[in-house]
Amino acid sequence: MIWPEIRRISSPDLEPPNLPKNPADCEILFQLFVGPKDDEGEEAFSFTVMTAARLAKDSDAHWGRGKLIVAVFEWPAVIQAVAELLAQCARPSWGEVVAELNKELIWDFDGYKPADAS
């Protein structure tokens with residue numbers, strides 16, 4: 001069984017341990033790098049942390065994929081939620097792990113189709 005682990009997590013919007021102006025009403029983009037435990041390599045994913053208050057204010061329709069909804073933004077809660085997701089995505093092959101993670105997160109190669117070699 002291959003277990004995914006967090007290699008790096010960062011946000012272009014916010015540096016840890018800083019908090020947004022209003023942790024109860026915010027939306028923050030994250031980049032997550034995940035690799036197989038005890039092995040080399042990694043894949044990049046993105047997701048947005050959005051508070052319920054921000055979601056309630058936004059009149060546009062939203063799908064859930066790629067969004068982590070929280071009551072209040074807290075760094076430990078985000079890390080814990082990601083760790084719990086990764087723990088549920090262990091699979092026999094790395095490709096299966098990535099496919100499982102891509103159901104909740106946005107894989108950087110999601111939808112990628114290689115150019116035709118001809």
# chains A, B, ... in the order shown; residues from 1 in each chain; ligands from 1
call {"tool": "closest_atom_pairs", "arguments": {"of": "region 68-110 of chain A", "to": "region 1-4 of chain A", "cutoff": "8 Å", "atoms": "only C-alpha atoms", "output": "tab-separated table"}}
result
residue	atom	partner	partner_atom	distance
A:Leu86	CA	A:Pro4	CA	5.8
A:Ala87	CA	A:Trp3	CA	7.1
A:Cys89	CA	A:Pro4	CA	7.2
A:Ala90	CA	A:Trp3	CA	4.6
A:Arg91	CA	A:Met1	CA	5.4
A:Pro92	CA	A:Met1	CA	4.5
A:Ser93	CA	A:Ile2	CA	6.2
A:Trp94	CA	A:Ile2	CA	6.5
A:Val97	CA	A:Pro4	CA	7.2
call {"tool": "select_by_dssp", "arguments": {"residues": "chain A", "states": "strand (DSSP E)", "output": "count of residues only"}}
result
32
call {"tool": "residues_around", "arguments": {"residues": "region 5-20 of chain A", "least_positions_apart": "5", "cutoff": "8 Å", "atoms": "only C-alpha atoms", "output": "list in words"}}
result
Cys26, Ile28, Leu29, Phe30, Gln31, Leu32, Phe33, Val34, Gly35, Pro36, Lys37, Glu42, Phe73, Glu74, Trp75, Ala83 and Leu86 of chain A
call {"tool": "closest_residue", "arguments": {"among": "A:Glu104, A:Phe109, A:Ser46, A:Asn22", "to": "Trp63 (chain A)", "atoms": "only C-alpha atoms"}}
result
A:Glu104
call {"tool": "closest_residue", "arguments": {"among": "A:Asp58, A:Leu105, A:Pro23, A:Glu40", "to": "Val82 (chain A)", "atoms": "only C-alpha atoms"}}
result
A:Leu105
call {"tool": "atom_distance", "arguments": {"atom1": "CA of Ala53 (chain A)", "atom2": "CA of Asp110 (chain A)"}}
result
29.0 Å
call {"tool": "atom_distance", "arguments": {"atom1": "CA of Ile69 (chain A)", "atom2": "CA of Tyr112 (chain A)"}}
result
26.9 Å
call {"tool": "atom_distance", "arguments": {"atom1": "CA of Leu85 (chain A)", "atom2": "CA of Leu55 (chain A)"}}
result
21.4 Å
call {"tool": "select_by_dssp", "arguments": {"residues": "region 3-56 of chain A", "states": "helix (DSSP H, G or I)", "output": "list in words"}}
result
Ala52, Ala53, Arg54, Leu55 and Ala56 of chain A
call {"tool": "write_last_selection", "arguments": {"atoms": "N, CA, C and O atoms", "output": "PDB file, in the first residue's frame"}}
result
ATOM      1  N   ALA A  52     -17.305  29.395   5.876  1.00  0.00           N
ATOM      2  CA  ALA A  52     -18.744  29.307   5.613  1.00  0.00           C
ATOM      3  C   ALA A  52     -19.349  30.696   5.435  1.00  0.00           C
ATOM      4  O   ALA A  52     -20.229  30.892   4.590  1.00  0.00           O
ATOM      5  N   ALA A  53     -18.853  31.678   6.192  1.00  0.00           N
ATOM      6  CA  ALA A  53     -19.365  33.051   6.060  1.00  0.00           C
ATOM      7  C   ALA A  53     -19.073  33.607   4.671  1.00  0.00           C
ATOM      8  O   ALA A  53     -19.923  34.255   4.059  1.00  0.00           O
ATOM      9  N   ARG A  54     -17.884  33.344   4.140  1.00  0.00           N
ATOM     10  CA  ARG A  54     -17.536  33.821   2.792  1.00  0.00           C
ATOM     11  C   ARG A  54     -18.409  33.125   1.756  1.00  0.00           C
ATOM     12  O   ARG A  54     -18.907  33.742   0.824  1.00  0.00           O
ATOM     13  N   LEU A  55     -18.609  31.840   1.934  1.00  0.00           N
ATOM     14  CA  LEU A  55     -19.448  31.080   1.015  1.00  0.00           C
ATOM     15  C   LEU A  55     -20.880  31.621   1.030  1.00  0.00           C
ATOM     16  O   LEU A  55     -21.506  31.773  -0.021  1.00  0.00           O
ATOM     17  N   ALA A  56     -21.399  31.938   2.201  1.00  0.00           N
ATOM     18  CA  ALA A  56     -22.765  32.457   2.322  1.00  0.00           C
ATOM     19  C   ALA A  56     -22.918  33.821   1.650  1.00  0.00           C
ATOM     20  O   ALA A  56     -23.979  34.136   1.103  1.00  0.00           O
TER      21      ALA A  56
END
call {"tool": "closest_residue", "arguments": {"among": "A:Trp107, A:Ala99, A:Met50, A:Gln88", "to": "Glu27 (chain A)", "atoms": "only C-alpha atoms"}}
result
A:Met50
